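Source file start.cif; content: mmCIF, C-alpha atoms and all ligand atoms.
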data_target
loop_
_atom_site.label_atom_id
_atom_site.label_comp_id
_atom_site.auth_asym_id
_atom_site.auth_seq_id
_atom_site.Cartn_x
_atom_site.Cartn_y
_atom_site.Cartn_z
CA MET A 241 -17.25 12.36 17.54
CA SER A 242 -14.50 9.83 17.96
CA VAL A 243 -13.00 8.03 14.99
CA ARG A 244 -14.16 4.47 14.53
CA ILE A 245 -12.82 1.70 12.33
CA LEU A 246 -15.48 0.67 9.81
CA ASN A 247 -13.61 -2.23 8.31
CA GLU A 248 -10.25 -3.95 8.65
CA MET A 249 -8.30 -6.77 7.00
CA ARG A 250 -4.96 -8.55 7.30
CA LEU A 251 -3.38 -10.80 4.75
CA ASP A 252 0.00 -12.55 4.57
CA PHE A 253 1.30 -14.00 1.31
CA PRO A 254 4.66 -15.22 -0.02
CA ALA A 255 6.86 -12.69 -1.77
CA ILE A 256 6.45 -13.98 -5.31
CA ALA A 257 5.64 -11.87 -8.36
CA GLU A 258 2.35 -13.69 -8.98
CA ASN A 259 0.96 -12.19 -5.79
CA GLU A 260 1.18 -8.61 -7.02
CA GLY A 261 -2.02 -9.15 -8.99
CA PHE A 262 -3.55 -10.98 -6.05
CA ALA A 263 -2.87 -7.99 -3.78
CA ARG A 264 -4.60 -5.66 -6.25
CA VAL A 265 -7.70 -7.82 -6.32
CA VAL A 266 -7.76 -8.18 -2.53
CA VAL A 267 -7.60 -4.42 -2.02
CA SER A 268 -10.37 -3.91 -4.59
CA GLY A 269 -12.55 -6.39 -2.75
CA PHE A 270 -11.78 -4.77 0.60
CA MET A 271 -12.87 -1.37 -0.74
CA LEU A 272 -16.05 -2.67 -2.36
CA PRO A 273 -18.36 -1.70 0.54
CA LEU A 274 -17.18 1.91 0.06
CA ASN A 275 -18.60 1.86 -3.45
CA PRO A 276 -15.52 3.74 -4.69
CA THR A 277 -15.30 5.55 -8.01
CA VAL A 278 -13.42 3.79 -10.80
CA GLU A 279 -10.73 6.43 -10.45
CA THR A 280 -10.25 5.97 -6.70
CA LEU A 281 -10.11 2.23 -7.11
CA ALA A 282 -7.53 2.48 -9.90
CA ASP A 283 -5.41 4.92 -7.88
CA VAL A 284 -5.27 2.66 -4.83
CA LYS A 285 -4.60 -0.48 -6.89
CA THR A 286 -1.73 1.24 -8.69
CA ALA A 287 -0.14 2.43 -5.44
CA VAL A 288 -0.54 -0.99 -3.81
CA SER A 289 1.07 -2.65 -6.84
CA GLU A 290 4.11 -0.41 -6.56
CA ALA A 291 4.53 -1.03 -2.83
CA VAL A 292 4.02 -4.79 -3.12
CA THR A 293 6.43 -5.02 -6.06
CA ASN A 294 9.02 -3.13 -4.02
CA ALA A 295 8.55 -5.47 -1.06
CA ILE A 296 9.05 -8.50 -3.30
CA ILE A 297 11.89 -7.20 -5.48
CA HIS A 298 13.82 -4.87 -3.17
CA GLY A 299 12.76 -6.04 0.28
CA TYR A 300 13.34 -9.74 -0.29
CA GLY A 301 15.34 -9.60 -3.54
CA GLY A 302 14.39 -13.09 -4.65
CA GLU A 303 14.75 -14.64 -1.19
CA ARG A 304 11.83 -16.27 0.55
CA GLY A 305 9.70 -13.97 2.62
CA THR A 306 6.22 -12.87 3.58
CA VAL A 307 4.47 -9.68 2.54
CA ARG A 308 1.69 -8.44 4.81
CA LEU A 309 -1.19 -6.21 3.83
CA HIS A 310 -3.09 -4.44 6.58
CA GLY A 311 -6.07 -2.38 5.51
CA VAL A 312 -8.39 -0.11 7.51
CA TYR A 313 -11.02 2.48 6.74
CA THR A 314 -12.51 4.77 9.30
CA THR A 315 -15.55 6.96 9.96
CA GLU A 316 -13.35 9.94 9.01
CA GLY A 317 -13.39 8.64 5.43
CA LEU A 318 -9.73 7.67 5.45
CA LEU A 319 -8.39 4.48 3.89
CA TYR A 320 -5.07 3.12 5.15
CA ILE A 321 -3.20 0.29 3.44
CA ASP A 322 0.04 -0.84 5.06
CA VAL A 323 2.41 -2.94 2.94
CA ILE A 324 4.90 -4.62 5.26
CA ASP A 325 8.00 -6.67 4.58
CA LYS A 326 10.67 -8.03 6.91
CA GLY A 327 13.35 -7.84 4.23
CA ARG A 328 16.57 -5.90 3.89
CA GLY A 329 15.20 -2.42 4.61
CA MET A 330 16.60 0.92 3.50
CA ALA A 331 19.43 3.01 4.93
CA ASP A 332 18.12 6.30 3.55
CA VAL A 333 14.38 6.53 3.00
CA GLU A 334 14.43 10.18 1.88
CA ARG A 335 16.89 9.31 -0.86
CA ALA A 336 14.92 6.24 -1.92
CA ARG A 337 11.80 8.40 -2.31
CA GLN A 338 13.47 10.79 -4.78
CA PRO A 339 12.14 10.53 -8.36
CA PHE A 340 14.35 8.32 -10.56
CA PHE A 341 16.33 6.95 -7.61
CA THR A 342 16.77 3.21 -8.00
CA THR A 343 19.22 0.63 -6.75
CA ALA A 344 18.13 -1.72 -9.54
CA GLU A 345 19.50 -0.03 -12.64
CA GLY A 346 19.64 -2.25 -15.67
CA GLU A 347 16.78 -4.32 -14.30
CA ASP A 348 14.16 -2.23 -16.02
CA ARG A 349 13.21 -0.27 -12.87
CA SER A 350 12.36 3.36 -13.39
CA GLY A 351 12.94 4.64 -9.87
CA MET A 352 9.45 6.16 -10.01
CA GLY A 353 7.60 3.78 -7.68
CA PHE A 354 7.46 6.08 -4.66
CA THR A 355 6.62 9.05 -6.89
CA VAL A 356 3.71 7.09 -8.35
CA MET A 357 2.49 6.13 -4.86
CA GLU A 358 2.67 9.77 -3.75
CA SER A 359 0.80 11.03 -6.79
CA PHE A 360 -2.05 8.50 -6.52
CA MET A 361 -2.49 8.62 -2.74
CA ASP A 362 -3.02 11.59 -0.40
CA GLN A 363 -0.17 10.61 1.89
CA VAL A 364 2.62 8.02 1.90
CA GLU A 365 4.56 7.22 5.09
CA VAL A 366 7.63 4.99 5.01
CA LYS A 367 9.33 3.38 7.98
CA SER A 368 12.38 1.27 7.33
CA ALA A 369 15.41 -0.15 9.11
CA VAL A 370 18.33 -1.97 7.52
CA GLY A 371 18.05 -5.71 8.11
CA GLU A 372 14.60 -5.37 9.66
CA GLY A 373 12.30 -4.43 6.84
CA THR A 374 9.99 -1.75 5.58
CA THR A 375 6.45 -0.57 6.19
CA VAL A 376 4.82 1.63 3.57
CA ARG A 377 1.57 3.26 4.72
CA LEU A 378 -0.65 4.42 1.88
CA ILE A 379 -3.42 6.84 2.91
CA LYS A 380 -6.30 8.09 0.81
CA ARG A 381 -9.44 10.08 1.50
CA VAL A 382 -12.48 8.16 0.32
CA GLU A 383 -16.03 9.34 0.01
CA LEU A 384 -18.33 7.74 2.56
CA ARG A 385 -21.84 7.39 1.22
CA ASP A 386 -24.54 6.30 3.65
CA GLU A 387 -25.45 3.23 1.68
CA ALA A 388 -21.78 2.27 1.48
CA LEU A 389 -21.25 1.93 5.22
CA PRO A 390 -21.01 -1.62 6.52
CA ARG A 391 -24.08 -2.47 8.54
CA ARG A 392 -23.90 -3.93 12.00
CA ALA A 393 -25.31 -7.43 12.31
N1 LIG A 401 10.43 -2.55 0.42
C1 LIG A 401 11.68 -2.10 0.14
N2 LIG A 401 12.76 -2.67 0.73
C2 LIG A 401 14.02 -2.25 0.47
N3 LIG A 401 14.30 -1.24 -0.39
C3 LIG A 401 13.27 -0.64 -1.02
C4 LIG A 401 11.91 -1.02 -0.78
N4 LIG A 401 11.11 -0.23 -1.54
C5 LIG A 401 11.92 0.59 -2.20
N5 LIG A 401 13.23 0.36 -1.92
C6 LIG A 401 14.40 1.11 -2.44
O1 LIG A 401 13.94 2.36 -2.95
C7 LIG A 401 14.31 2.48 -4.33
C8 LIG A 401 13.26 3.28 -5.08
O2 LIG A 401 12.03 2.58 -5.17
P1 LIG A 401 11.03 2.94 -6.34
O3 LIG A 401 10.77 4.41 -6.31
O4 LIG A 401 9.85 2.04 -6.29
O5 LIG A 401 11.87 2.65 -7.67
P2 LIG A 401 12.29 1.24 -8.34
O6 LIG A 401 11.46 0.16 -7.73
O7 LIG A 401 11.99 1.43 -9.80
O8 LIG A 401 13.75 1.07 -8.05
C9 LIG A 401 14.51 1.05 -4.81
O9 LIG A 401 15.38 0.98 -5.92
C10 LIG A 401 15.10 0.39 -3.57
O10 LIG A 401 16.48 0.67 -3.43
MG MG A 402 9.46 0.26 -7.33
#
Can you turn what I pasted into structure tokens?
Ligand SMILES: Nc1ncnc2c1ncn2[C@@H]1O[C@H](COP(=O)(O)OP(=O)(O)O)[C@@H](O)[C@H]1O
Ligand SMILES: [Mg+2]
Amino acid sequence: MSVRILNEMRLDFPAIAENEGFARVVVSGFMLPLNPTVETLADVKTAVSEAVTNAIIHGYGGERGTVRLHGVYTTEGLLYIDVIDKGRGMADVERARQPFFTTAEGEDRSGMGFTVMESFMDQVEVKSAVGEGTTVRLIKRVELRDEALPRRA
């Protein structure tokens, strides 16, 4: 059986700290038809928070910019959330993903954001180019219950 998209959303918002909470609520609402467990919901919200905070703080670094969320879940029971910025990007993604690596020492950053994303999601893919921006793809297996599937009109 081929994989079908069950639900999809796109959202653009300005890169301001207030929108971190907004992104968490949006992702919760998007996942609602899946009837997720409290734990799954908390895991995804935590990972999204980390990625959105990174886009705002590191990607745009206080400059104006737009953060995009793109969410999909499929008949395979996979949830994908892309967090996209067109900010400064990273020269060395592997290095940035190391636990405790941060370029924002003294600003109360722990360098554990990517480690948190990896521990709460099943897979984390990062694409980045200096001066072009960063896309973080967060992937998690979600249980598909019959009654949770969106119905066709
Ligand atoms: N969206 C992004 N754009 C540019 N650089 C980023 C982005 N996300 C992460 N980084 C870089 O990766 C480093 C590690 O990120 P992270 O693990 O979340 O730790 P922290 O945010 O505490 O520094 C950051 O310090 C930053 O240099
Ligand atoms: Mg971080």
Kindly provide, as JSON, the centre and edge lengths (Å, one decimal) of an axis-aligned box around all atoms of ligand LIG 401 (chain A) given in the file, with 6 Å on each side.
{"center_x": 13.2, "center_y": 0.9, "center_z": -4.5, "size_x": 18.6, "size_y": 19.1, "size_z": 22.5}
Worksheet item: Counting all atoms listed in the file, what is within 9 Å of Met357 (chain A), bar same-chain residues fewer than 4 positions away, as an NGL selection string?
Response: :A and (283-284 or 286-288 or 290-291 or 352-353 or 361-364 or 378)
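Atom pair CA of Leu319 (chain A) / CA of Met271 (chain A) has a distance of 8.7 Å (rounded to one decimal).
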Enumerate, as a PDB file with C-alpha atoms, in the coordinates of the input, the protein, DNA and RNA residues whose atoms approach (-8.0, -5.1, -7.9) to within 12 Å, taking into account only C-alpha atoms and the coordinate frame of the file.
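Result file follows (result-v4.pdb):
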ATOM      1  CA  ASN A 259       0.960 -12.190  -5.790  1.00  0.00           C
ATOM      2  CA  GLU A 260       1.180  -8.610  -7.020  1.00  0.00           C
ATOM      3  CA  GLY A 261      -2.020  -9.150  -8.990  1.00  0.00           C
ATOM      4  CA  PHE A 262      -3.550 -10.980  -6.050  1.00  0.00           C
ATOM      5  CA  ALA A 263      -2.870  -7.990  -3.780  1.00  0.00           C
ATOM      6  CA  ARG A 264      -4.600  -5.660  -6.250  1.00  0.00           C
ATOM      7  CA  VAL A 265      -7.700  -7.820  -6.320  1.00  0.00           C
ATOM      8  CA  VAL A 266      -7.760  -8.180  -2.530  1.00  0.00           C
ATOM      9  CA  VAL A 267      -7.600  -4.420  -2.020  1.00  0.00           C
ATOM     10  CA  SER A 268     -10.370  -3.910  -4.590  1.00  0.00           C
ATOM     11  CA  GLY A 269     -12.550  -6.390  -2.750  1.00  0.00           C
ATOM     12  CA  PHE A 270     -11.780  -4.770   0.600  1.00  0.00           C
ATOM     13  CA  MET A 271     -12.870  -1.370  -0.740  1.00  0.00           C
ATOM     14  CA  LEU A 272     -16.050  -2.670  -2.360  1.00  0.00           C
ATOM     15  CA  VAL A 278     -13.420   3.790 -10.800  1.00  0.00           C
ATOM     16  CA  THR A 280     -10.250   5.970  -6.700  1.00  0.00           C
ATOM     17  CA  LEU A 281     -10.110   2.230  -7.110  1.00  0.00           C
ATOM     18  CA  ALA A 282      -7.530   2.480  -9.900  1.00  0.00           C
ATOM     19  CA  ASP A 283      -5.410   4.920  -7.880  1.00  0.00           C
ATOM     20  CA  VAL A 284      -5.270   2.660  -4.830  1.00  0.00           C
ATOM     21  CA  LYS A 285      -4.600  -0.480  -6.890  1.00  0.00           C
ATOM     22  CA  THR A 286      -1.730   1.240  -8.690  1.00  0.00           C
ATOM     23  CA  ALA A 287      -0.140   2.430  -5.440  1.00  0.00           C
ATOM     24  CA  VAL A 288      -0.540  -0.990  -3.810  1.00  0.00           C
ATOM     25  CA  SER A 289       1.070  -2.650  -6.840  1.00  0.00           C
TER      26      SER A 289
END
Practice prompt. Identify, on the basis of all atoms listed in the file, every residue whose closest approach to Val307 (chain A) does not exceed 7 Å; exclude the query and any residue fewer than 2 positions from it along the same chain; express the result as a VMD selection string.
Written response: chain A and resid 252 to 255 295 305 309 324 to 325
Response to the item:
Judged by all atoms listed in the file, the minimum distance to Tyr313 (chain A) among A:Val370, A:Thr355, A:Lys326, A:Pro273 is found for A:Pro273
